[in-house]
Amino acid sequence: MSGTHRIKVTVNGKLYEAEVESRRLLVDFLRHELMLYGTHAGCEQGACGACTVQFDGRAIKSCLMLAIQADGHEITTVEGLAKDGVLHDVQEAFRNAHGLQCGFCTPGFLMVAAALGEEKKVLKGDALRKELAGNLCRCTGYANIVTAVETYLEKVGGAAQ
Amino acid sequence: MKPGAFEYVKASSVEEVLAALGRFDGDARILAGGQSLMPLMNMRMLRPAGIIDINGIPDLDTIRLEDGRVHVGALTRYRMLETSPLIQEHLPLVAHAVRRVADRQVRNRGTLGGSLCHSDPAAQMPLCAQTLGAEMVIAGPKGRRKVAAIDFFQGAYTTAVDPLEMLVEIVYPAMPGARVTLAQQTRRHGDFPTISVAAAAIVKDGVWTNWRIGMGGLSDRPLPAASLCAFLEGKPLTEALIAEASQILPDNIDPIDDVRATAEYRISLAPVYISRALTALLKGEGR
């Protein structure tokens, strides 16, 4: 009854063409069809933020979008951050501040933080925590995550302010 | 977890949406931002035969000022409300309240029209629409009609929009220069509030007029606080007046017991949060 649809979507700069079922969620499309396992499926109801990717440059939860909605759009996943084996500044900041423990929530945090960095937002403390409120860390390692993002935003946005 | 099977329709105009709604004979849902619809479908609490995606419809997300009224397209995303200079200037209550909606990712994607049609009794955008006395423009098989907020919100997750109709625009009376606030109790940032009070007023030479106050959490829908507004109208706002005003609850209150609070607790919170809202306005802490 639902049928399939042909989509063209750019993921991490690479154009993919695929046949998807209407009900295919974007997160499942990325993981099961493009084999990009970096994006994690956590709660699958929009509460945990682990599946956050960038959709046309904006952080969104990929469990709340259909793959078919990505047709003609650009997606960036955590795999798109590092270039030629060199970590992205936000990944470097997480590494230096020990901003991860088990690592499950990390891809989601990285994609939100990277989007903030691209907007040249320099945020700290409470204001930053509010911007990160869509992501849960079940290890509760928030202090180091916030420190990592603060350091990253200061590095990339400092000059613009 | 994934949604049940459905037929996907990508609409490129309001007319196409209405035609598709007719074809599914009420068993279809409109997909705007999807921030409430998709969780419900993932959990299989909803299994519509059709999903009509309106994200490709042009000009459904415009914000314009006309004759003292702000017209906002139903597909306008929270993020656009947050960043629009026109909303900042002419609808300061909406600009203030939208920052308290959910989280960054949800605000990047979720829409004003979606929030109003979903009509969660605790949500901020329905509260602001009720508080400001917005009108909703609804398109249907017989043309367009306007419904006032007081008639639009009909209960928890229930609005005046018929299954064969679509909300296309929200029209707010502009309130440039208003002092605004949103006092709400949430246990976690971004969660739906247990109780909320939205308030706006114009202050000139120490006299407070044009009061608009609404409350969430005291019924299955946001309520306008008409008696409270009438009581405050045209008076200088003082701590003594606030103490008296905080006892004036909206008519028709009927709070529920749920996971967030008991009905009794909500009623006991009401005067506290009215007082906090008015005090914030008095001290200029809202905006």
# chains A, B, ... in the order shown; residues from 1 in each chain; ligands from 1
call {"tool": "residues_around", "arguments": {"residues": "B:Met166", "least_positions_apart": "5", "cutoff": "7 Å", "atoms": "only C-alpha atoms", "output": "JSON, numbers by chain"}}
result
{"B": [138, 139, 140, 161]}
call {"tool": "interface_residues", "arguments": {"of": "chain A", "to": "chain B", "cutoff": "7 Å", "atoms": "only C-alpha atoms", "output": "list in words"}}
result
Met1, Ser2, Gly3, Ser22, Arg23, Glu44, Gln45, Gly46, Arg58, Ala59, Ile60, Lys61, Leu64, Met65, Glu131, Ala133 and Gly134 of chain A
call {"tool": "atom_distance", "arguments": {"atom1": "atom CA of B:Met125", "atom2": "atom CA of B:Cys229"}}
result
19.8 Å
call {"tool": "residues_around", "arguments": {"residues": "B:Val98", "least_positions_apart": "6", "cutoff": "12 Å", "atoms": "only C-alpha atoms", "output": "ChimeraX atom specification"}}
result
/B:77-84,87-88,91-92,104,106-108,110-112,115,123-129,181-182,190,198
call {"tool": "write_last_selection", "arguments": {"atoms": "N, CA and C atoms", "output": "PDB file, in the first residue's frame"}}
result
ATOM      1  N   ARG B  77       8.616  28.087  10.929  1.00  0.00           N
ATOM      2  CA  ARG B  77       9.270  27.269  11.956  1.00  0.00           C
ATOM      3  C   ARG B  77       9.584  28.114  13.189  1.00  0.00           C
ATOM      4  N   TYR B  78       9.673  27.448  14.338  1.00  0.00           N
ATOM      5  CA  TYR B  78       9.985  28.152  15.595  1.00  0.00           C
ATOM      6  C   TYR B  78      11.236  28.999  15.420  1.00  0.00           C
ATOM      7  N   ARG B  79      12.210  28.432  14.722  1.00  0.00           N
ATOM      8  CA  ARG B  79      13.476  29.145  14.542  1.00  0.00           C
ATOM      9  C   ARG B  79      13.272  30.489  13.844  1.00  0.00           C
ATOM     10  N   MET B  80      12.313  30.505  12.881  1.00  0.00           N
ATOM     11  CA  MET B  80      12.054  31.745  12.158  1.00  0.00           C
ATOM     12  C   MET B  80      11.374  32.760  13.074  1.00  0.00           C
ATOM     13  N   LEU B  81      10.511  32.276  13.964  1.00  0.00           N
ATOM     14  CA  LEU B  81       9.883  33.180  14.937  1.00  0.00           C
ATOM     15  C   LEU B  81      10.945  33.752  15.875  1.00  0.00           C
ATOM     16  N   GLU B  82      11.897  32.894  16.255  1.00  0.00           N
ATOM     17  CA  GLU B  82      12.965  33.313  17.169  1.00  0.00           C
ATOM     18  C   GLU B  82      13.824  34.412  16.575  1.00  0.00           C
ATOM     19  N   THR B  83      14.046  34.348  15.265  1.00  0.00           N
ATOM     20  CA  THR B  83      15.027  35.239  14.643  1.00  0.00           C
ATOM     21  C   THR B  83      14.399  36.389  13.858  1.00  0.00           C
ATOM     22  N   SER B  84      13.072  36.408  13.730  1.00  0.00           N
ATOM     23  CA  SER B  84      12.433  37.445  12.915  1.00  0.00           C
ATOM     24  C   SER B  84      12.397  38.801  13.632  1.00  0.00           C
ATOM     25  N   ILE B  87       8.759  39.878  14.301  1.00  0.00           N
ATOM     26  CA  ILE B  87       8.140  39.236  15.476  1.00  0.00           C
ATOM     27  C   ILE B  87       8.686  39.886  16.754  1.00  0.00           C
ATOM     28  N   GLN B  88       9.997  40.119  16.803  1.00  0.00           N
ATOM     29  CA  GLN B  88      10.609  40.772  17.963  1.00  0.00           C
ATOM     30  C   GLN B  88       9.914  42.095  18.274  1.00  0.00           C
ATOM     31  N   LEU B  91       5.392  41.307  17.967  1.00  0.00           N
ATOM     32  CA  LEU B  91       4.801  40.258  18.811  1.00  0.00           C
ATOM     33  C   LEU B  91       5.818  39.825  19.860  1.00  0.00           C
ATOM     34  N   PRO B  92       6.193  40.758  20.743  1.00  0.00           N
ATOM     35  CA  PRO B  92       7.257  40.418  21.699  1.00  0.00           C
ATOM     36  C   PRO B  92       6.909  39.211  22.585  1.00  0.00           C
ATOM     37  N   ARG B 104      16.718  23.031  20.748  1.00  0.00           N
ATOM     38  CA  ARG B 104      17.240  23.598  19.498  1.00  0.00           C
ATOM     39  C   ARG B 104      16.817  22.797  18.258  1.00  0.00           C
ATOM     40  N   VAL B 106      14.357  20.699  17.819  1.00  0.00           N
ATOM     41  CA  VAL B 106      12.910  20.776  17.583  1.00  0.00           C
ATOM     42  C   VAL B 106      12.547  22.144  17.021  1.00  0.00           C
ATOM     43  N   ARG B 107      13.180  23.205  17.541  1.00  0.00           N
ATOM     44  CA  ARG B 107      12.852  24.549  17.043  1.00  0.00           C
ATOM     45  C   ARG B 107      13.367  24.785  15.623  1.00  0.00           C
ATOM     46  N   ASN B 108      14.383  24.043  15.223  1.00  0.00           N
ATOM     47  CA  ASN B 108      14.860  24.166  13.844  1.00  0.00           C
ATOM     48  C   ASN B 108      13.853  23.589  12.859  1.00  0.00           C
ATOM     49  N   GLY B 110      10.277  22.261  13.924  1.00  0.00           N
ATOM     50  CA  GLY B 110       8.864  22.357  14.284  1.00  0.00           C
ATOM     51  C   GLY B 110       8.239  23.647  13.797  1.00  0.00           C
ATOM     52  N   THR B 111       6.922  23.613  13.562  1.00  0.00           N
ATOM     53  CA  THR B 111       6.238  24.777  12.996  1.00  0.00           C
ATOM     54  C   THR B 111       5.152  25.305  13.928  1.00  0.00           C
ATOM     55  N   LEU B 112       4.836  26.582  13.728  1.00  0.00           N
ATOM     56  CA  LEU B 112       3.768  27.214  14.497  1.00  0.00           C
ATOM     57  C   LEU B 112       2.429  26.521  14.230  1.00  0.00           C
ATOM     58  N   SER B 115       2.164  23.138  15.914  1.00  0.00           N
ATOM     59  CA  SER B 115       1.931  23.211  17.357  1.00  0.00           C
ATOM     60  C   SER B 115       0.466  23.526  17.654  1.00  0.00           C
ATOM     61  N   ALA B 123       1.286  23.383  25.870  1.00  0.00           N
ATOM     62  CA  ALA B 123       2.283  23.966  24.964  1.00  0.00           C
ATOM     63  C   ALA B 123       2.233  25.493  24.939  1.00  0.00           C
ATOM     64  N   GLN B 124       3.382  26.101  24.642  1.00  0.00           N
ATOM     65  CA  GLN B 124       3.521  27.559  24.707  1.00  0.00           C
ATOM     66  C   GLN B 124       2.841  28.294  23.542  1.00  0.00           C
ATOM     67  N   MET B 125       2.905  27.747  22.326  1.00  0.00           N
ATOM     68  CA  MET B 125       2.353  28.494  21.189  1.00  0.00           C
ATOM     69  C   MET B 125       0.826  28.576  21.226  1.00  0.00           C
ATOM     70  N   PRO B 126       0.118  27.485  21.590  1.00  0.00           N
ATOM     71  CA  PRO B 126      -1.334  27.635  21.781  1.00  0.00           C
ATOM     72  C   PRO B 126      -1.653  28.654  22.886  1.00  0.00           C
ATOM     73  N   LEU B 127      -0.864  28.662  23.953  1.00  0.00           N
ATOM     74  CA  LEU B 127      -1.084  29.621  25.042  1.00  0.00           C
ATOM     75  C   LEU B 127      -0.947  31.057  24.531  1.00  0.00           C
ATOM     76  N   CYS B 128       0.089  31.320  23.747  1.00  0.00           N
ATOM     77  CA  CYS B 128       0.283  32.681  23.213  1.00  0.00           C
ATOM     78  C   CYS B 128      -0.851  33.066  22.265  1.00  0.00           C
ATOM     79  N   ALA B 129      -1.291  32.126  21.432  1.00  0.00           N
ATOM     80  CA  ALA B 129      -2.384  32.426  20.490  1.00  0.00           C
ATOM     81  C   ALA B 129      -3.654  32.775  21.264  1.00  0.00           C
ATOM     82  N   THR B 181       5.832  38.684  29.457  1.00  0.00           N
ATOM     83  CA  THR B 181       6.518  37.661  30.250  1.00  0.00           C
ATOM     84  C   THR B 181       5.814  36.325  30.099  1.00  0.00           C
ATOM     85  N   LEU B 182       6.558  35.277  30.398  1.00  0.00           N
ATOM     86  CA  LEU B 182       5.979  33.939  30.468  1.00  0.00           C
ATOM     87  C   LEU B 182       6.513  33.310  31.742  1.00  0.00           C
ATOM     88  N   GLY B 190      12.823  22.827  28.631  1.00  0.00           N
ATOM     89  CA  GLY B 190      12.270  22.329  27.378  1.00  0.00           C
ATOM     90  C   GLY B 190      11.089  21.394  27.534  1.00  0.00           C
ATOM     91  N   ALA B 198       1.081  33.522  30.615  1.00  0.00           N
ATOM     92  CA  ALA B 198       1.643  34.442  29.624  1.00  0.00           C
ATOM     93  C   ALA B 198       0.944  35.772  29.814  1.00  0.00           C
TER      94      ALA B 198
END
call {"tool": "select_by_dssp", "arguments": {"residues": "chain A", "states": "strand (DSSP E or B)", "output": "NGL selection string"}}
result
:A and (4-11 or 14-21 or 25 or 52-55 or 58-61 or 66 or 74-76 or 83 or 86)
call {"tool": "write_last_selection", "arguments": {"atoms": "N, CA, C and O atoms", "output": "CSV table (one decimal), in the first residue's frame"}}
result
chain,number,residue,atom,x,y,z
A,4,THR,N,7.1,2.6,-2.9
A,4,THR,CA,8.5,3.2,-2.7
A,4,THR,C,8.7,4.4,-3.5
A,4,THR,O,7.9,4.6,-4.4
A,5,HIS,N,9.7,5.1,-3.1
A,5,HIS,CA,9.9,6.4,-3.8
A,5,HIS,C,11.4,6.5,-4.1
A,5,HIS,O,12.2,6.1,-3.3
A,6,ARG,N,11.8,7.1,-5.3
A,6,ARG,CA,13.2,7.2,-5.6
A,6,ARG,C,13.6,8.6,-5.1
A,6,ARG,O,13.0,9.6,-5.3
A,7,ILE,N,14.7,8.6,-4.3
A,7,ILE,CA,15.2,9.9,-3.8
A,7,ILE,C,16.7,10.1,-4.2
A,7,ILE,O,17.4,9.1,-4.4
A,8,LYS,N,17.0,11.4,-4.2
A,8,LYS,CA,18.4,11.7,-4.4
A,8,LYS,C,18.8,12.6,-3.3
A,8,LYS,O,18.2,13.6,-3.0
A,9,VAL,N,19.8,12.2,-2.5
A,9,VAL,CA,20.2,13.0,-1.3
A,9,VAL,C,21.7,13.1,-1.2
A,9,VAL,O,22.4,12.1,-1.5
A,10,THR,N,22.2,14.2,-0.9
A,10,THR,CA,23.6,14.4,-0.7
A,10,THR,C,23.9,14.2,0.8
A,10,THR,O,23.4,14.9,1.6
A,11,VAL,N,24.8,13.2,1.1
A,11,VAL,CA,25.2,13.0,2.4
A,11,VAL,C,26.7,13.1,2.5
A,11,VAL,O,27.5,12.5,1.8
A,14,LYS,N,28.5,13.6,-0.7
A,14,LYS,CA,28.4,12.6,-1.8
A,14,LYS,C,26.9,12.4,-2.1
A,14,LYS,O,26.0,12.2,-1.2
A,15,LEU,N,26.6,12.3,-3.4
A,15,LEU,CA,25.2,12.2,-3.9
A,15,LEU,C,24.9,10.7,-3.9
A,15,LEU,O,25.6,9.9,-4.5
A,16,TYR,N,23.8,10.4,-3.2
A,16,TYR,CA,23.3,9.0,-3.2
A,16,TYR,C,21.9,9.0,-3.9
A,16,TYR,O,21.1,9.9,-3.7
A,17,GLU,N,21.6,7.9,-4.7
A,17,GLU,CA,20.3,7.7,-5.2
A,17,GLU,C,19.8,6.4,-4.6
A,17,GLU,O,20.5,5.4,-4.5
A,18,ALA,N,18.5,6.4,-4.2
A,18,ALA,CA,18.0,5.2,-3.5
A,18,ALA,C,16.5,5.1,-3.7
A,18,ALA,O,15.8,6.1,-3.9
A,19,GLU,N,16.0,3.9,-3.5
A,19,GLU,CA,14.6,3.6,-3.5
A,19,GLU,C,14.2,3.4,-2.1
A,19,GLU,O,14.8,2.5,-1.4
A,20,VAL,N,13.3,4.2,-1.6
A,20,VAL,CA,13.0,4.1,-0.1
A,20,VAL,C,11.5,3.9,0.0
A,20,VAL,O,10.7,4.4,-0.7
A,21,GLU,N,11.1,3.1,1.1
A,21,GLU,CA,9.7,3.0,1.5
A,21,GLU,C,9.3,4.3,2.1
A,21,GLU,O,10.1,5.0,2.8
A,25,LEU,N,12.5,5.9,8.2
A,25,LEU,CA,13.0,7.1,8.9
A,25,LEU,C,14.4,7.4,8.4
A,25,LEU,O,15.1,6.5,8.0
A,52,THR,N,20.9,13.1,16.1
A,52,THR,CA,21.0,14.5,15.5
A,52,THR,C,22.0,14.5,14.3
A,52,THR,O,23.1,14.0,14.4
A,53,VAL,N,21.5,15.0,13.2
A,53,VAL,CA,22.3,15.2,12.0
A,53,VAL,C,22.1,16.7,11.6
A,53,VAL,O,21.2,17.3,12.1
A,54,GLN,N,22.8,17.2,10.6
A,54,GLN,CA,22.5,18.5,10.0
A,54,GLN,C,21.8,18.3,8.7
A,54,GLN,O,22.2,17.5,7.8
A,55,PHE,N,20.6,19.0,8.6
A,55,PHE,CA,19.8,19.0,7.4
A,55,PHE,C,19.9,20.4,6.8
A,55,PHE,O,19.4,21.3,7.5
A,58,ARG,N,21.3,22.7,9.4
A,58,ARG,CA,20.6,22.9,10.7
A,58,ARG,C,20.5,21.6,11.4
A,58,ARG,O,20.2,20.5,10.8
A,59,ALA,N,20.8,21.6,12.8
A,59,ALA,CA,20.7,20.4,13.5
A,59,ALA,C,19.3,19.9,13.7
A,59,ALA,O,18.4,20.7,14.1
A,60,ILE,N,19.0,18.7,13.3
A,60,ILE,CA,17.6,18.1,13.5
A,60,ILE,C,17.8,16.7,13.9
A,60,ILE,O,18.8,16.1,13.9
A,61,LYS,N,16.6,16.2,14.4
A,61,LYS,CA,16.6,14.8,14.9
A,61,LYS,C,16.2,13.9,13.8
A,61,LYS,O,15.1,14.0,13.3
A,66,LEU,N,11.3,11.6,7.7
A,66,LEU,CA,11.3,10.5,6.8
A,66,LEU,C,12.5,10.6,5.9
A,66,LEU,O,12.8,11.8,5.5
A,74,GLU,N,20.6,18.4,1.6
A,74,GLU,CA,22.0,18.0,2.0
A,74,GLU,C,22.0,17.6,3.5
A,74,GLU,O,21.5,18.3,4.4
A,75,ILE,N,22.6,16.4,3.8
A,75,ILE,CA,22.7,15.9,5.1
A,75,ILE,C,24.2,15.8,5.5
A,75,ILE,O,25.0,15.4,4.7
A,76,THR,N,24.5,16.3,6.7
A,76,THR,CA,25.8,16.0,7.2
A,76,THR,C,25.7,15.1,8.5
A,76,THR,O,24.9,15.5,9.4
A,83,LYS,N,38.1,15.5,8.2
A,83,LYS,CA,38.5,15.5,6.8
A,83,LYS,C,39.9,14.9,6.6
A,83,LYS,O,40.8,15.3,7.3
A,86,VAL,N,41.9,14.0,9.6
A,86,VAL,CA,42.2,15.0,10.6
A,86,VAL,C,40.9,15.4,11.3
A,86,VAL,O,39.9,15.7,10.6
call {"tool": "select_by_dssp", "arguments": {"residues": "stretch 50-133 of chain A", "states": "helix (DSSP H, G or I)", "output": "ChimeraX atom specification"}}
result
/A:62-64,67-70,78-80,89-96,106-118,125-131
call {"tool": "atom_distance", "arguments": {"atom1": "atom CA of A:Gly80", "atom2": "atom CA of A:Cys137"}}
result
21.9 Å
call {"tool": "residues_around", "arguments": {"residues": "B:Val147", "least_positions_apart": "2", "cutoff": "8 Å", "atoms": "only C-alpha atoms", "output": "list in words"}}
result
Glu135, Met136, Val137, Ile138, Arg145, Ala149, Asp151, Phe152 and Ala160 of chain B
call {"tool": "write_last_selection", "arguments": {"atoms": "all heavy atoms", "output": "compact mmCIF listing (two decimals), in the first residue's frame"}}
result
# COMPACT_ATOMS: atom_id res chain seq x y z
N GLU B 135 -6.36 34.90 15.46
CA GLU B 135 -7.37 34.25 14.62
C GLU B 135 -6.66 33.25 13.71
O GLU B 135 -5.60 33.54 13.17
CB GLU B 135 -8.06 35.29 13.72
CG GLU B 135 -9.19 36.03 14.38
CD GLU B 135 -9.91 36.91 13.36
OE1 GLU B 135 -9.26 37.46 12.47
OE2 GLU B 135 -11.14 37.01 13.47
N MET B 136 -7.28 32.10 13.53
CA MET B 136 -6.70 31.07 12.68
C MET B 136 -7.46 31.04 11.35
O MET B 136 -8.69 31.00 11.34
CB MET B 136 -6.82 29.71 13.35
CG MET B 136 -5.74 29.35 14.37
SD MET B 136 -5.09 30.64 15.41
CE MET B 136 -5.99 30.34 16.91
N VAL B 137 -6.69 31.06 10.27
CA VAL B 137 -7.30 30.97 8.94
C VAL B 137 -7.22 29.51 8.49
O VAL B 137 -6.14 28.93 8.40
CB VAL B 137 -6.58 31.88 7.92
CG1 VAL B 137 -7.26 31.79 6.56
CG2 VAL B 137 -6.55 33.31 8.42
N ILE B 138 -8.40 28.93 8.25
CA ILE B 138 -8.49 27.50 7.92
C ILE B 138 -9.02 27.35 6.50
O ILE B 138 -10.06 27.93 6.16
CB ILE B 138 -9.43 26.79 8.92
CG1 ILE B 138 -8.87 26.92 10.35
CG2 ILE B 138 -9.60 25.32 8.55
CD1 ILE B 138 -9.83 26.46 11.42
N ARG B 145 -12.06 29.99 6.11
CA ARG B 145 -12.81 30.59 7.21
C ARG B 145 -11.83 31.00 8.30
O ARG B 145 -10.72 30.46 8.39
CB ARG B 145 -13.87 29.62 7.74
CG ARG B 145 -13.30 28.35 8.34
CD ARG B 145 -14.40 27.33 8.61
NE ARG B 145 -13.84 26.11 9.20
CZ ARG B 145 -13.97 25.75 10.48
NH1 ARG B 145 -14.66 26.51 11.31
NH2 ARG B 145 -13.44 24.64 10.94
N ALA B 149 -9.26 32.27 18.47
CA ALA B 149 -8.57 31.32 19.35
C ALA B 149 -9.53 30.68 20.36
O ALA B 149 -9.45 29.47 20.62
CB ALA B 149 -7.44 32.03 20.08
N ASP B 151 -12.48 29.81 20.10
CA ASP B 151 -13.24 28.71 19.49
C ASP B 151 -12.36 27.65 18.85
O ASP B 151 -12.81 26.54 18.57
CB ASP B 151 -14.19 29.26 18.41
CG ASP B 151 -15.16 30.28 18.98
OD1 ASP B 151 -15.70 30.02 20.08
OD2 ASP B 151 -15.35 31.34 18.36
N PHE B 152 -11.10 28.03 18.61
CA PHE B 152 -10.18 27.11 17.91
C PHE B 152 -9.77 25.95 18.81
O PHE B 152 -9.78 24.79 18.42
CB PHE B 152 -8.95 27.88 17.44
CG PHE B 152 -7.97 27.05 16.66
CD1 PHE B 152 -8.12 26.86 15.30
CD2 PHE B 152 -6.87 26.45 17.29
CE1 PHE B 152 -7.21 26.09 14.57
CE2 PHE B 152 -5.97 25.67 16.58
CZ PHE B 152 -6.14 25.50 15.21
N ALA B 160 -10.59 23.23 16.12
CA ALA B 160 -11.71 23.44 15.20
C ALA B 160 -11.40 22.97 13.78
O ALA B 160 -12.26 23.01 12.91
CB ALA B 160 -12.06 24.93 15.18
call {"tool": "residues_around", "arguments": {"residues": "A:Glu119", "least_positions_apart": "6", "cutoff": "10 Å", "atoms": "only C-alpha atoms", "output": "count of residues only"}}
result
6
call {"tool": "residues_around", "arguments": {"residues": "stretch 59-75 of chain B", "least_positions_apart": "2", "cutoff": "7 Å", "atoms": "only C-alpha atoms", "output": "PyMOL selection string"}}
result
chain B and resi 32+57+77+111-113+167-174
call {"tool": "write_last_selection", "arguments": {"atoms": "N, CA and C atoms", "output": "short mmCIF file (atom, residue, chain, number, x, y, z; two decimals), in the first residue's frame"}}
result
data_model
loop_
_atom_site.label_atom_id
_atom_site.label_comp_id
_atom_site.auth_asym_id
_atom_site.auth_seq_id
_atom_site.Cartn_x
_atom_site.Cartn_y
_atom_site.Cartn_z
N ALA B 32 3.96 18.60 8.84
CA ALA B 32 4.64 19.90 8.74
C ALA B 32 6.05 19.69 9.29
N ILE B 57 5.48 23.45 0.07
CA ILE B 57 4.55 24.49 -0.39
C ILE B 57 5.20 25.86 -0.23
N ARG B 77 8.62 28.09 10.93
CA ARG B 77 9.27 27.27 11.96
C ARG B 77 9.58 28.11 13.19
N THR B 111 6.92 23.61 13.56
CA THR B 111 6.24 24.78 13.00
C THR B 111 5.15 25.31 13.93
N LEU B 112 4.84 26.58 13.73
CA LEU B 112 3.77 27.21 14.50
C LEU B 112 2.43 26.52 14.23
N GLY B 113 2.11 26.31 12.95
CA GLY B 113 0.84 25.67 12.60
C GLY B 113 0.74 24.27 13.18
N LEU B 167 -5.00 24.24 8.47
CA LEU B 167 -4.67 25.58 8.98
C LEU B 167 -3.62 26.19 8.06
N VAL B 168 -3.89 27.41 7.56
CA VAL B 168 -2.92 28.01 6.63
C VAL B 168 -2.23 29.26 7.19
N GLU B 169 -2.92 29.98 8.08
CA GLU B 169 -2.33 31.23 8.56
C GLU B 169 -2.82 31.55 9.96
N ILE B 170 -1.98 32.23 10.72
CA ILE B 170 -2.34 32.67 12.07
C ILE B 170 -2.21 34.20 12.06
N VAL B 171 -3.25 34.89 12.52
CA VAL B 171 -3.26 36.35 12.48
C VAL B 171 -3.34 36.88 13.92
N TYR B 172 -2.29 37.59 14.32
CA TYR B 172 -2.23 38.14 15.68
C TYR B 172 -2.41 39.65 15.65
N PRO B 173 -3.13 40.20 16.61
CA PRO B 173 -3.10 41.66 16.77
C PRO B 173 -1.68 42.06 17.20
N ALA B 174 -1.07 43.00 16.50
CA ALA B 174 0.29 43.41 16.85
C ALA B 174 0.29 44.10 18.20
#
